[in-house]
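See below for start-v4.txt, which holds compact mmCIF, C-alpha atoms.
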```txt
# COMPACT_ATOMS: atom_id res chain seq x y z
CA THR T 51 0.00 0.00 0.00
CA PRO T 52 1.52 3.38 -0.97
CA VAL T 53 2.14 5.85 1.87
CA HIS T 54 0.90 9.42 1.47
CA ARG T 55 0.38 12.48 3.64
CA VAL T 56 -2.78 12.59 5.73
CA GLY T 57 -5.35 15.03 4.39
CA PRO T 58 -7.00 17.89 6.32
CA ALA T 59 -10.36 16.10 6.39
CA PHE T 60 -8.78 13.25 8.35
CA LEU T 61 -7.15 15.60 10.90
CA ALA T 62 -10.13 17.92 11.34
CA PRO T 63 -12.19 15.80 13.84
CA PRO T 64 -9.37 15.20 16.37
CA ALA T 65 -8.19 18.81 15.98
CA LEU T 66 -11.70 20.09 16.73
CA LEU T 67 -11.94 17.91 19.84
CA ALA T 68 -8.54 19.13 21.05
CA VAL T 69 -9.51 22.80 20.60
CA LEU T 70 -12.83 22.28 22.36
CA GLY T 71 -11.02 20.62 25.25
CA LEU T 72 -8.68 23.60 25.61
CA VAL T 73 -11.51 26.11 25.37
CA LEU T 74 -14.14 24.37 27.46
CA GLY T 75 -11.72 23.23 30.15
CA PRO T 76 -11.32 26.63 31.82
CA ALA T 77 -15.04 27.30 31.27
CA VAL T 78 -16.21 24.39 33.39
CA SER T 79 -18.40 26.67 35.49
CA TRP T 80 -20.50 27.35 32.39
CA THR T 81 -20.45 23.79 31.04
CA ASP T 82 -21.50 22.49 34.46
CA ARG T 83 -25.01 23.77 33.78
CA LEU T 84 -25.54 21.29 30.95
CA PRO T 85 -25.12 18.04 32.97
CA ASN T 86 -26.81 19.60 36.00
CA ALA T 87 -30.01 20.13 34.01
CA TYR T 88 -30.12 16.39 33.42
CA ALA T 89 -29.03 15.46 36.96
CA GLU T 90 -31.86 17.52 38.50
CA MET T 91 -34.35 15.03 37.04
CA PHE T 92 -33.25 12.49 39.70
CA PRO T 93 -33.29 12.71 43.50
CA ALA T 94 -30.46 14.84 44.85
CA GLU T 95 -27.63 13.18 46.77
CA PRO T 96 -26.52 14.38 50.21
CA ASP T 97 -23.21 15.63 48.82
CA PRO T 98 -23.76 16.67 45.17
CA TYR T 99 -20.78 16.81 42.83
CA HIS T 100 -20.06 19.69 40.45
CA LEU T 101 -17.53 20.34 37.75
CA ALA T 102 -14.86 22.89 38.68
CA LEU T 103 -11.43 23.94 37.52
CA TRP T 104 -10.00 23.62 41.04
CA HIS T 105 -11.29 21.37 43.81
CA GLY T 106 -8.47 22.03 46.23
CA PHE T 107 -5.84 19.65 47.52
CA GLY T 108 -7.04 16.06 47.72
CA LEU T 109 -6.49 12.47 46.71
CA ALA T 110 -7.32 13.11 43.06
CA LEU T 111 -4.67 15.84 42.83
CA LEU T 112 -2.14 13.59 44.56
CA LEU T 113 -2.74 10.74 42.11
CA SER T 114 -2.44 13.12 39.18
CA ALA T 115 0.88 14.41 40.53
CA VAL T 116 2.18 10.86 40.99
CA ALA T 117 1.19 9.99 37.43
CA TRP T 118 2.97 13.06 36.06
CA ALA T 119 6.11 12.31 38.07
CA ALA T 120 6.16 8.63 37.04
CA GLY T 121 5.74 9.61 33.41
CA ALA T 122 8.62 12.07 33.64
CA VAL T 123 10.89 9.47 35.25
CA LEU T 124 10.05 6.88 32.58
CA PHE T 125 10.71 9.43 29.86
CA LEU T 126 14.11 10.36 31.24
CA GLY T 127 15.10 6.68 31.55
CA ARG T 128 13.52 5.59 28.29
CA ALA T 129 16.66 3.75 27.11
CA GLN T 130 16.72 1.49 30.16
CA VAL T 131 12.95 1.07 29.94
CA ASN T 132 13.23 -0.10 26.32
CA ARG T 133 15.88 -2.69 27.18
CA LEU T 134 13.85 -3.97 30.12
CA SER T 135 10.66 -4.15 28.07
CA ARG T 136 12.40 -6.26 25.44
CA ARG T 137 13.43 -8.75 28.11
CA ILE T 138 10.05 -9.10 29.75
CA ALA T 139 7.94 -8.61 26.63
CA TRP T 140 5.31 -11.27 25.89
CA PRO T 141 6.13 -13.56 22.96
CA THR T 142 4.46 -12.98 19.66
CA ALA T 143 1.34 -14.86 18.59
CA ASP T 144 3.39 -16.79 16.04
CA SER T 145 5.79 -17.95 18.74
CA VAL T 146 2.95 -18.90 21.10
CA PHE T 147 1.23 -20.94 18.37
CA GLY T 148 4.48 -22.70 17.49
CA HIS T 149 5.15 -23.67 21.11
CA LEU T 150 1.57 -24.88 21.57
CA LEU T 151 1.79 -27.00 18.43
CA LEU T 152 5.14 -28.45 19.51
CA GLY T 153 3.76 -29.28 22.96
CA GLN T 154 0.73 -30.96 21.42
CA GLU T 155 2.95 -33.08 19.19
CA ARG T 156 5.07 -34.13 22.17
CA LEU T 157 1.96 -34.98 24.18
CA ALA T 158 0.56 -37.02 21.29
CA LEU T 159 3.87 -38.85 21.00
CA GLN T 160 3.90 -39.68 24.71
CA VAL T 161 0.26 -40.83 24.69
CA THR T 162 0.81 -42.93 21.57
CA GLY T 163 3.91 -44.54 23.05
CA PHE T 164 2.08 -45.27 26.29
CA ILE T 165 -1.06 -46.76 24.71
CA GLN T 166 0.05 -48.32 21.42
CA ARG T 167 2.50 -50.91 22.71
CA GLY T 168 1.69 -53.56 20.12
CA SER T 169 -0.05 -55.64 22.77
CA LEU T 170 -3.59 -56.87 22.24
CA SER T 171 -4.14 -57.15 25.99
CA VAL T 172 -3.16 -53.49 26.50
CA TYR T 173 -5.51 -52.40 23.71
CA LEU T 174 -8.34 -54.44 25.19
CA ALA T 175 -7.68 -53.16 28.71
CA THR T 176 -7.62 -49.56 27.46
CA THR T 177 -10.92 -50.03 25.64
CA LEU T 178 -12.53 -51.62 28.69
CA LEU T 179 -11.27 -48.89 31.03
CA VAL T 180 -12.62 -46.13 28.77
CA MET T 181 -15.96 -47.92 28.54
CA LEU T 182 -15.91 -48.49 32.29
CA GLY T 183 -15.23 -44.83 33.06
CA GLY T 184 -17.97 -43.58 30.75
CA GLN T 185 -20.57 -46.02 32.00
CA LEU T 186 -19.75 -45.41 35.66
CA ALA T 187 -20.00 -41.65 35.14
CA VAL T 188 -23.45 -42.03 33.60
CA LEU T 189 -24.61 -44.44 36.29
CA ILE T 190 -23.38 -42.22 39.13
CA VAL T 191 -24.75 -38.95 37.72
CA ASP T 192 -28.11 -40.14 36.37
CA THR T 193 -28.79 -42.98 38.88
CA PRO T 194 -31.00 -44.81 36.36
CA TRP T 195 -31.52 -47.75 38.70
CA ALA T 196 -33.77 -45.69 40.99
CA GLY T 197 -37.20 -47.29 40.95
CA ALA T 198 -36.08 -50.24 38.82
CA VAL T 199 -37.30 -53.74 39.58
CA HIS T 200 -34.76 -55.77 41.54
CA PRO T 201 -33.12 -58.40 39.31
CA ARG T 202 -33.40 -62.12 39.93
CA LEU T 203 -30.15 -64.00 40.26
CA TRP T 204 -31.55 -67.02 38.41
CA ASP T 205 -34.73 -68.84 37.52
CA ASN T 206 -33.10 -72.18 38.21
CA PRO T 207 -30.15 -72.87 40.55
CA LEU T 208 -28.54 -74.81 37.72
CA GLN T 209 -28.19 -71.54 35.82
CA GLY T 210 -26.09 -70.13 38.64
CA ALA T 211 -23.82 -73.17 38.66
CA VAL T 212 -23.26 -73.05 34.89
CA ALA T 213 -22.68 -69.28 35.00
CA ALA T 214 -20.13 -69.68 37.81
CA LEU T 215 -18.19 -72.31 35.85
CA THR T 216 -18.31 -70.17 32.71
CA CYS T 217 -16.99 -67.14 34.60
CA ALA T 218 -14.24 -69.26 36.14
CA ALA T 219 -13.14 -70.43 32.69
CA ALA T 220 -13.15 -66.84 31.45
CA LEU T 221 -11.01 -65.68 34.37
CA LEU T 222 -8.56 -68.53 33.87
CA CYS T 223 -8.01 -67.28 30.32
CA LEU T 224 -6.26 -64.26 31.84
CA THR T 225 -3.64 -66.35 33.62
CA VAL T 226 -2.59 -68.96 31.05
CA ARG T 227 0.64 -68.75 29.07
CA ARG T 228 -0.01 -71.47 26.51
CA ARG T 229 -2.03 -70.63 23.44
CA MET T 230 -3.79 -73.98 23.33
CA LYS T 231 -4.96 -73.67 26.93
CA GLY T 232 -6.32 -70.24 26.17
CA VAL T 233 -8.30 -71.60 23.21
CA VAL T 234 -9.71 -74.47 25.28
CA LEU T 235 -10.75 -72.16 28.12
CA ALA T 236 -12.30 -69.69 25.69
CA GLY T 237 -14.18 -72.58 24.11
CA LEU T 238 -15.48 -73.59 27.52
CA THR T 239 -17.09 -70.18 27.88
CA GLY T 240 -18.94 -70.77 24.61
CA TYR T 241 -20.06 -74.21 25.70
CA GLY T 242 -21.18 -72.73 29.02
CA THR T 243 -23.35 -70.25 27.11
CA ALA T 244 -24.85 -73.16 25.18
CA LEU T 245 -25.63 -74.93 28.47
CA LEU T 246 -27.40 -71.79 29.67
CA PHE T 247 -29.55 -71.96 26.54
CA VAL T 248 -30.38 -75.58 27.34
CA VAL T 249 -31.33 -74.77 30.93
CA GLN T 250 -33.40 -71.80 29.76
CA GLY T 251 -35.37 -74.04 27.40
CA ALA T 252 -33.87 -73.10 24.03
CA PRO T 253 -32.32 -76.30 22.64
CA ASP T 254 -32.21 -74.94 19.08
CA LEU T 255 -30.07 -71.98 20.14
CA ALA T 256 -27.92 -74.32 22.22
CA LEU T 257 -27.36 -76.60 19.21
CA THR T 258 -26.33 -73.63 17.07
CA GLN T 259 -23.97 -72.40 19.77
CA PHE T 260 -22.42 -75.86 20.13
CA CYS T 261 -21.84 -76.11 16.37
CA VAL T 262 -20.34 -72.64 16.05
CA GLU T 263 -18.11 -73.09 19.09
CA THR T 264 -16.88 -76.47 17.85
CA VAL T 265 -16.03 -75.11 14.41
CA ALA T 266 -14.28 -72.12 15.96
CA MET T 267 -12.19 -74.32 18.24
CA ILE T 268 -11.16 -76.54 15.33
CA VAL T 269 -10.07 -73.51 13.32
CA PHE T 270 -8.11 -72.14 16.27
CA VAL T 271 -6.40 -75.47 16.85
CA LEU T 272 -5.39 -75.77 13.21
CA VAL T 273 -4.04 -72.23 13.17
CA LEU T 274 -2.20 -72.56 16.47
CA ARG T 275 -0.30 -75.57 15.13
CA ARG T 276 1.71 -73.08 13.08
CA MET T 277 2.40 -70.73 15.99
CA PRO T 278 4.62 -70.95 19.08
CA VAL T 279 3.29 -72.88 22.04
CA HIS T 280 3.59 -69.98 24.50
CA PHE T 281 2.50 -66.40 24.13
CA GLN T 282 5.45 -64.32 23.00
CA GLU T 283 4.47 -61.34 25.13
CA THR T 284 6.33 -61.29 28.44
CA VAL T 285 3.93 -60.19 31.15
CA SER T 286 4.80 -59.86 34.81
CA ILE T 287 2.74 -61.47 37.53
CA TRP T 288 1.25 -58.20 38.78
CA ARG T 289 0.14 -57.25 35.27
CA ARG T 290 -1.59 -60.59 34.82
CA ALA T 291 -3.22 -60.16 38.22
CA SER T 292 -4.38 -56.63 37.34
CA ARG T 293 -6.33 -57.95 34.37
CA ILE T 294 -8.75 -59.85 36.60
CA PRO T 295 -10.26 -56.81 38.42
CA VAL T 296 -10.49 -54.93 35.12
CA ALA T 297 -12.37 -57.84 33.54
CA LEU T 298 -14.65 -58.23 36.57
CA ALA T 299 -15.41 -54.50 36.70
CA ALA T 300 -16.18 -54.39 32.96
CA ALA T 301 -18.43 -57.45 33.22
CA ALA T 302 -20.25 -56.01 36.24
CA THR T 303 -20.75 -52.68 34.46
CA VAL T 304 -22.14 -54.36 31.36
CA GLY T 305 -24.45 -56.47 33.54
CA VAL T 306 -25.74 -53.42 35.42
CA GLY T 307 -26.24 -51.60 32.12
CA MET T 308 -28.29 -54.48 30.72
CA TRP T 309 -30.37 -54.62 33.90
CA VAL T 310 -31.03 -50.86 33.78
CA ALA T 311 -31.93 -51.01 30.09
CA ALA T 312 -34.33 -53.90 30.66
CA ALA T 313 -35.89 -52.20 33.69
CA ALA T 314 -36.46 -48.99 31.71
CA ARG T 315 -38.94 -50.71 29.36
CA THR T 316 -42.31 -48.97 29.26
CA ALA T 317 -44.11 -50.95 26.54
CA GLU T 318 -45.55 -54.40 26.96
CA PRO T 319 -43.23 -57.28 25.93
CA ALA T 320 -43.93 -58.76 22.51
CA GLY T 321 -43.47 -62.33 23.72
CA THR T 322 -47.14 -62.88 24.57
CA ALA T 323 -48.31 -61.70 21.15
CA MET T 324 -45.70 -63.88 19.41
CA VAL T 325 -46.78 -66.97 21.34
CA GLN T 326 -50.39 -66.29 20.44
CA GLU T 327 -49.52 -65.73 16.79
CA VAL T 328 -47.65 -69.04 16.62
CA ALA T 329 -50.51 -70.85 18.33
CA ASP T 330 -52.98 -69.44 15.78
CA HIS T 331 -50.96 -71.12 13.02
CA GLY T 332 -51.09 -74.45 14.82
CA LEU T 333 -47.42 -74.39 15.84
CA LYS T 334 -45.74 -74.71 19.22
CA ASP T 335 -42.07 -73.70 19.00
CA VAL T 336 -41.84 -69.91 18.78
CA VAL T 337 -38.12 -69.80 18.02
CA ALA T 338 -38.31 -72.42 15.28
CA THR T 339 -41.26 -70.63 13.70
CA ILE T 340 -39.37 -67.34 13.65
CA LEU T 341 -36.26 -68.94 12.18
CA VAL T 342 -38.00 -70.98 9.50
CA ASP T 343 -41.04 -68.87 8.65
CA LEU T 344 -40.73 -65.21 9.63
CA ARG T 345 -37.02 -64.82 8.88
CA ALA T 346 -36.40 -67.71 6.54
CA TRP T 347 -33.96 -65.78 4.32
CA ASP T 348 -31.89 -64.72 7.33
CA THR T 349 -31.77 -68.30 8.52
CA MET T 350 -30.66 -69.46 5.10
CA GLY T 351 -27.88 -66.87 5.13
CA GLU T 352 -26.73 -67.97 8.56
CA SER T 353 -26.78 -71.59 7.43
CA ALA T 354 -24.67 -70.59 4.43
CA VAL T 355 -22.16 -68.97 6.79
CA LEU T 356 -21.96 -72.15 8.86
CA ALA T 357 -21.55 -74.23 5.71
CA ALA T 358 -18.77 -71.94 4.50
CA ALA T 359 -17.05 -72.26 7.88
CA ALA T 360 -17.30 -76.04 7.70
CA VAL T 361 -15.89 -76.00 4.17
CA GLY T 362 -13.05 -73.77 5.35
CA VAL T 363 -12.20 -76.15 8.18
CA THR T 364 -12.23 -79.08 5.79
CA SER T 365 -10.00 -77.19 3.37
CA LEU T 366 -7.51 -76.62 6.18
CA ILE T 367 -7.54 -80.31 6.98
CA TYR T 368 -6.85 -81.37 3.39
CA LEU T 369 -4.61 -78.46 2.45
CA HIS T 370 -1.30 -79.65 1.03
CA ARG T 371 1.62 -77.79 -0.45
CA ARG T 372 2.67 -79.56 -3.64
CA SER T 373 6.42 -79.68 -3.96
CA GLU T 374 9.02 -81.54 -5.95
CA GLY T 375 9.43 -84.06 -3.15
CA SER T 376 5.85 -85.32 -3.37
CA MET T 377 5.17 -89.00 -3.80
CA ALA T 378 4.93 -90.42 -7.24
CA GLN T 379 1.47 -90.90 -8.68
CA GLU T 380 1.80 -94.66 -8.90
CA GLU T 381 2.77 -94.89 -5.24
CA LEU T 382 -0.58 -93.45 -4.21
CA GLN T 383 -2.77 -95.71 -6.31
CA GLY T 384 -5.31 -97.36 -4.08
CA ARG T 385 -3.65 -96.11 -0.90
CA THR T 386 -5.09 -93.87 1.78
CA ALA T 387 -3.74 -92.25 4.89
CA TRP T 388 -4.70 -95.32 6.90
CA SER T 389 -3.12 -97.94 4.63
CA LEU T 390 0.37 -96.46 4.17
CA SER T 391 3.22 -98.22 5.83
CA ALA T 392 5.86 -96.60 7.99
CA HIS T 393 8.23 -96.64 5.00
CA HIS T 394 5.92 -94.48 2.91
CA SER T 395 4.95 -92.15 5.73
CA SER T 396 8.61 -91.56 6.58
CA ARG T 397 8.91 -89.48 3.40
CA LEU T 398 6.47 -86.94 4.79
CA PRO T 399 7.87 -83.83 6.56
CA GLN T 400 8.76 -84.61 10.14
CA GLY T 401 9.87 -82.57 13.13
CA ASP T 402 9.52 -78.92 14.11
CA ASP T 403 12.53 -77.84 12.03
CA VAL T 404 10.57 -78.17 8.81
CA ALA T 405 7.16 -77.24 10.24
CA PRO T 406 6.82 -74.03 8.17
CA GLU T 407 7.23 -76.05 4.95
CA ARG T 408 4.60 -78.74 5.51
CA GLY T 409 0.85 -78.73 5.09
CA TRP T 410 -1.70 -78.44 7.83
CA LEU T 411 -2.13 -82.20 8.11
CA ALA T 412 0.25 -84.72 6.65
CA ALA T 413 -2.63 -87.02 5.70
CA GLY T 414 -3.55 -84.70 2.85
CA ALA T 415 -0.49 -85.84 0.91
CA THR T 416 -1.39 -89.51 1.25
CA LEU T 417 -4.91 -89.41 -0.19
CA ALA T 418 -5.43 -90.91 -3.61
CA PRO T 419 -6.70 -88.49 -6.30
CA GLU T 420 -10.09 -90.20 -6.49
CA HIS T 421 -10.53 -89.68 -2.76
CA ARG T 422 -9.69 -85.96 -2.73
CA SER T 423 -12.19 -83.10 -3.01
CA ILE T 424 -11.34 -80.29 -5.42
CA VAL T 425 -14.00 -78.06 -3.84
CA PHE T 426 -12.53 -78.45 -0.37
CA GLU T 427 -8.97 -77.85 -1.54
CA VAL T 428 -9.81 -74.80 -3.66
CA VAL T 429 -11.83 -73.16 -0.93
```
As structure tokens - that is how I would like this structure written.
Amino acid sequence: TPVHRVGPAFLAPPALLAVLGLVLGPAVSWTDRLPNAYAEMFPAEPDPYHLALWHGFGLALLLSAVAWAAGAVLFLGRAQVNRLSRRIAWPTADSVFGHLLLGQERLALQVTGFIQRGSLSVYLATTLLVMLGGQLAVLIVDTPWAGAVHPRLWDNPLQGAVAALTCAAALLCLTVRRRMKGVVLAGLTGYGTALLFVVQGAPDLALTQFCVETVAMIVFVLVLRRMPVHFQETVSIWRRASRIPVALAAAATVGVGMWVAAAARTAEPAGTAMVQEVADHGLKDVVATILVDLRAWDTMGESAVLAAAAVGVTSLIYLHRRSEGSMAQEELQGRTAWSLSAHHSSRLPQGDDVAPERGWLAAGATLAPEHRSIVFEVV
């Protein structure tokens, strides 16, 4: 922007105000009439105040004299004042923003290094603690359990026994060091859930849970054959012990949340209407009717998922890496995995040293072509 001299029109308003201040200042006795005309509209104070050129010696005059003297001293020592002001001057906005951004980056680095340790247990514990803190804050502030119906521990004592065993298996998962033990204990929790379905009177759900849990355990076992026996993460005893209260607190919070949500229901349950609807069609099993009739397509999709899982497990069983050292075609004619002698089976990969180079199960290499399934192997 080019710089130019300020015009008279720009200087006229402040110049007029300055002249009026010089002229009207000594004439305060005359100008006092203007504000007094307005002040007389309100009740008079015991000690009214008036404008005057001289009010005598007082605190106001003393403060004015101190201000004049301080200003004169600062003006005479302006060089020292400038140097001191540069030392104690506030940083610029650019500098403040840069320091704030740098501090935020350092904080993010520290938080990331503290949380993201490459440990699944740490990630899970962090997620549970955040969920636990949020849920506890809501429960403490809102107290949603006030007026709720007290929950029943169980409808049948057998439910309590099965639930206790399931919880014990879940807690033991936190203390094991072997992968296979962890899979077995995790599978026991699934089987315990299936037993709860049986006790509750839902055998169809229990059968589905048994099938899914069995397939999942088989897949885990087949995968864990290729992994180390022990967990590679080194965890101290106190860290393993600290996982138990975190898991118990998270489970208790989820249970209380489910109880509060169920107790907050205001509408009538739909179970009675569903039972009546099934009875009108001449049927008895509500769950089976829903699965087969009302949501038949969903059931077919779920069955397809189970079938795909079964096919995947079978493909893992019969998976075989074809290599140059495979048996000759004529050696496999008419032979199966159960009819091979020790001489033939000795040519299969043996030992842990060559474990990464062999198939999932050695029996896949011993099956005759007419006994093998292309669908299973491709999938």
**Prompt:** Residues at most 10 Å from Gln259 (chain T), counting only C-alpha atoms, excluding those fewer than 2 positions away in the same chain, as a PyMOL selection string?
**Reply:** chain T and resi 240-245+247+253-257+261-265
Using only C-alpha atoms, please write the residues we just selected to a file, as a compact mmCIF listing (two decimals), keeping the file's coordinate frame.
```txt
# COMPACT_ATOMS: atom_id res chain seq x y z
CA GLY T 240 -18.94 -70.77 24.61
CA TYR T 241 -20.06 -74.21 25.70
CA GLY T 242 -21.18 -72.73 29.02
CA THR T 243 -23.35 -70.25 27.11
CA ALA T 244 -24.85 -73.16 25.18
CA LEU T 245 -25.63 -74.93 28.47
CA PHE T 247 -29.55 -71.96 26.54
CA PRO T 253 -32.32 -76.30 22.64
CA ASP T 254 -32.21 -74.94 19.08
CA LEU T 255 -30.07 -71.98 20.14
CA ALA T 256 -27.92 -74.32 22.22
CA LEU T 257 -27.36 -76.60 19.21
CA CYS T 261 -21.84 -76.11 16.37
CA VAL T 262 -20.34 -72.64 16.05
CA GLU T 263 -18.11 -73.09 19.09
CA THR T 264 -16.88 -76.47 17.85
CA VAL T 265 -16.03 -75.11 14.41
```
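Distance-wise, CA of Ala89 (chain T) and CA of Ala77 (chain T) end up 19.2 Å apart.
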Mind running region 264-336 of chain T against region 344-360 of chain T at 10 Å and telling me each contacting residue's nearest atom pair with the distance in Å (one decimal), counting all atoms listed in the file, chain and number ascending, as a Markdown table?
```
| residue | atom | partner | partner_atom | distance |
| --- | --- | --- | --- | --- |
| T:Val265 | CA | T:Ala360 | CA | 6.9 |
| T:Ala266 | CA | T:Ala359 | CA | 8.5 |
| T:Ile268 | CA | T:Ala360 | CA | 9.8 |
| T:Val269 | CA | T:Ala359 | CA | 8.9 |
```
**Message:** Within 12 Å of (-32.9, -47.4, 39.4) (file coordinates; all atoms listed in the file), which protein or nucleic acid residues are there? I'd like them as a PyMOL selection string.
**Reply:** chain T and resi 189-201+306-307+309-314
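Rounded to one decimal, CA of Trp80 (chain T) and CA of His105 (chain T) lie 15.8 Å from each other.
One finds CA of Asp205 (chain T) at 17.6 Å from CA of Gly321 (chain T).
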**Fill in**
Of T:Phe281, T:Thr303, T:Trp204, T:Gly106, the one nearest to Ser171 (chain T) when counting all atoms listed in the file is T:Phe281
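Here the question is which of T:Gln154, T:Thr364, T:Asn86, T:Ser292 gets nearest to Thr225 (chain T) using all atoms listed in the file, and that residue is T:Ser292.
The residue that comes closest to Thr177 (chain T), out of T:Ile287, T:Leu298, T:Ile165, T:Ala143 and on the basis of only C-alpha atoms, is T:Ile165.
Proximity of T:Phe270, T:Trp104, T:Phe92, T:Phe147 to Gly75 (chain T), computed with only C-alpha atoms, is greatest for T:Trp104.
For the set T:Arg315, T:Arg156, T:Arg228, T:His331, the residue with the smallest atom-to-atom gap to His280 (chain T) is T:Arg228, counting all atoms listed in the file.
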**Closest of T:Ala94, T:Ala291, T:Ala299, T:Leu109 to Val226 (chain T) - atom-to-atom distances counting all atoms listed in the file** = T:Ala291
Give, as lines of an AutoDock Vina configuration file, the centre coordinates and the x, y and z edge lengths in Å to one decimal for an axis-aligned box around all listed atoms of region 338-357 of chain T, padded by 3 Å on each side.
```
center_x = -31.4
center_y = -69.5
center_z = 9.8
size_x = 25.7
size_y = 15.5
size_z = 17.0
```
